[in-house]
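Since the structure comes first, as structure tokens, the remarks are kept for the end.
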Amino acid sequence: MTAPKMTASKMTDSMPPESPAHVPVLRDTVLRWLAPRSGGRYVDGTFGRGGHTKAILEAAPGARVLGLDKDPEAAPAAAALAAGEPRFRFLAGDFSELGSALDRVGWDLVDGILLDLGLSSPQLETPERGFSLRHDGPLDMRFDPGSGETAAELLDRLEEREIADLLFGMGERRSRAIAWRIVGRRPLRTTGDLRAAVIAAVGPRRGRIDPATRTFLAVRSAVNREPQVLAAALHEAPGRLRREGVLAVISYHSGEDRPVKHAFRRLAEEPRFELGTRRPIRPDEDESGANRRSRSACLRILRRIEDAPGEIVRPDGDGR
């Protein structure tokens, strides 16, 4: 199946300009698949700084978008957009809470749902958040810095075997050596401490990929319960699509893409759903060259093509 054609309109004057630091990944491709229409309702489950949301609103002047994000630093960008754009509404929370969020705004079914599982540029470029390999900062890694245990607390708490299992699950083949170094250097308090422990175990960088990349991904995933959150969203989201509605998920590593692929393939065995493409969609050379963080992006599409037998499609409340 090929992506539907989509004609974009001019951005409305009320819409705040896109921050030059934030480039939404696969923007045009996502728009082609979502095909926003006037009167349609869409969910941006990872609002971030609003790049994809603004693109949807720009593409269809009569569309409405609900944005979700548990990162409190997304709230100012959301508030700025909502102040000048009545078609947009924002709720704090992650996309595992999709169903309750839709119920709160009075939307039963929607025309499109987007989940971009990557970190935003501000998250990566703010050392205090503890996500970056390049900038030393507190070993935090929480999407919501106000709740839950930090990466430092997690690594202090886990036994060596548990740390090794965590890293191995992200595909780190030298997980035991790294776990041994982490335990031997505890307490780790900064991202630099964690990276140094990995380097001590496996040696310095020998190629384009930093040797601590998989370790950071594994720890971040555990801190934020990313597999559980994604599983909950993949369970809830398909059933909230109206007929011809699209679920689009952008992942950035195999630990994210694998569950999306398997969930979509299982759903496509039902008569209600079909895969947009058999293979994931990746950025072209122009986008990869212009935005290095898009290089590992992987987009998968699921479309709802009919209602379930006996399913009663309720009219949506007016919402906002």
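Residues are named by chain letter and number: chains run A, B, ... in the order of the structure tokens, numbers start at 1 in each chain, and ligands are numbered from 1 in the order shown.
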Closest pair table for stretch 78-157 of chain A residues within 10 Å of stretch 195-210 of chain A, only C-alpha atoms, as a Markdown table:
```
| residue | atom | partner | partner_atom | distance |
| --- | --- | --- | --- | --- |
| A:Leu133 | CA | A:Arg195 | CA | 7.3 |
| A:Arg134 | CA | A:Asp210 | CA | 9.5 |
| A:Asp136 | CA | A:Arg195 | CA | 9.4 |
```
Test item: residues at most 12 Å from stretch 172-179 of chain A, only C-alpha atoms, excluding those fewer than 3 positions along its chain, as a ChimeraX atom specification: /A:155-156,158-169,182-186,194-203,211-219,254-255
query: Which one of A:Ala101, A:Val25, A:Ile113, A:Leu241 sits closest to A:Arg272 if you count only C-alpha atoms?
result: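 Between A:Ala101, A:Val25, A:Ile113, A:Leu241, the residue approaching A:Arg272 most closely is A:Leu241.
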field: Spatial neighbours of A:Leu302, 8 Å, only C-alpha atoms, chain gap at least 3 places, as a ChimeraX atom specification
entry: /A:246-248,264,268,273-276
query: For A:Ala77, which residue out of A:Gly62, A:Gly146, A:Pro238, A:Gly50 is the nearest one, using only C-alpha atoms?
result: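 The answer is A:Gly50, which sits nearest to A:Ala77.
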query: Would you give me, as a list in words, the residues in stretch 1-201 of chain A that DSSP reads as strand (DSSP E or B)?
result: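 Answer for stretch 1-201 of chain A, restricted to strand (DSSP E or B): Arg41, Tyr42, Val43, Asp44, Arg64, Val65, Leu66, Gly67, Leu68, Asp69, Phe88, Arg89, Phe90, Leu91, Ala92, Val110, Asp111, Gly112, Ile113, Leu114, Leu115, Asp116, Pro138 and Thr190 of chain A.
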For the selection you just gave me, I'd like the residues written to a file as a PDB file, in the first residue's frame, keeping C-alpha atoms.
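Output saved as selection-v4.pdb:
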```
ATOM      1  CA  ARG A  41      -9.250  14.387  15.508  1.00  0.00           C
ATOM      2  CA  TYR A  42      -5.649  13.411  16.163  1.00  0.00           C
ATOM      3  CA  VAL A  43      -3.469  12.511  19.131  1.00  0.00           C
ATOM      4  CA  ASP A  44       0.198  13.405  19.440  1.00  0.00           C
ATOM      5  CA  ARG A  64      -8.118  19.127  16.265  1.00  0.00           C
ATOM      6  CA  VAL A  65      -5.129  17.719  18.138  1.00  0.00           C
ATOM      7  CA  LEU A  66      -4.770  16.389  21.670  1.00  0.00           C
ATOM      8  CA  GLY A  67      -1.171  16.444  22.887  1.00  0.00           C
ATOM      9  CA  LEU A  68       0.179  14.244  25.684  1.00  0.00           C
ATOM     10  CA  ASP A  69       3.547  14.366  27.443  1.00  0.00           C
ATOM     11  CA  PHE A  88      -5.215  22.194  20.339  1.00  0.00           C
ATOM     12  CA  ARG A  89      -5.495  20.784  23.844  1.00  0.00           C
ATOM     13  CA  PHE A  90      -2.749  19.404  26.076  1.00  0.00           C
ATOM     14  CA  LEU A  91      -2.859  16.953  28.982  1.00  0.00           C
ATOM     15  CA  ALA A  92       0.097  16.004  31.164  1.00  0.00           C
ATOM     16  CA  VAL A 110      -9.933   9.453  16.559  1.00  0.00           C
ATOM     17  CA  ASP A 111      -8.574   9.659  13.026  1.00  0.00           C
ATOM     18  CA  GLY A 112      -4.911   9.349  13.836  1.00  0.00           C
ATOM     19  CA  ILE A 113      -2.476   8.650  16.685  1.00  0.00           C
ATOM     20  CA  LEU A 114       1.254   9.404  16.554  1.00  0.00           C
ATOM     21  CA  LEU A 115       3.843   8.070  19.008  1.00  0.00           C
ATOM     22  CA  ASP A 116       7.402   9.354  18.505  1.00  0.00           C
ATOM     23  CA  PRO A 138      23.336  14.238  37.211  1.00  0.00           C
ATOM     24  CA  THR A 190      26.781  11.524  37.062  1.00  0.00           C
TER      25      THR A 190
END
```
task: Take atom CA of A:His52 and atom CA of A:Arg27 and report the distance between them in Å, one decimal.
output: 6.5 Å
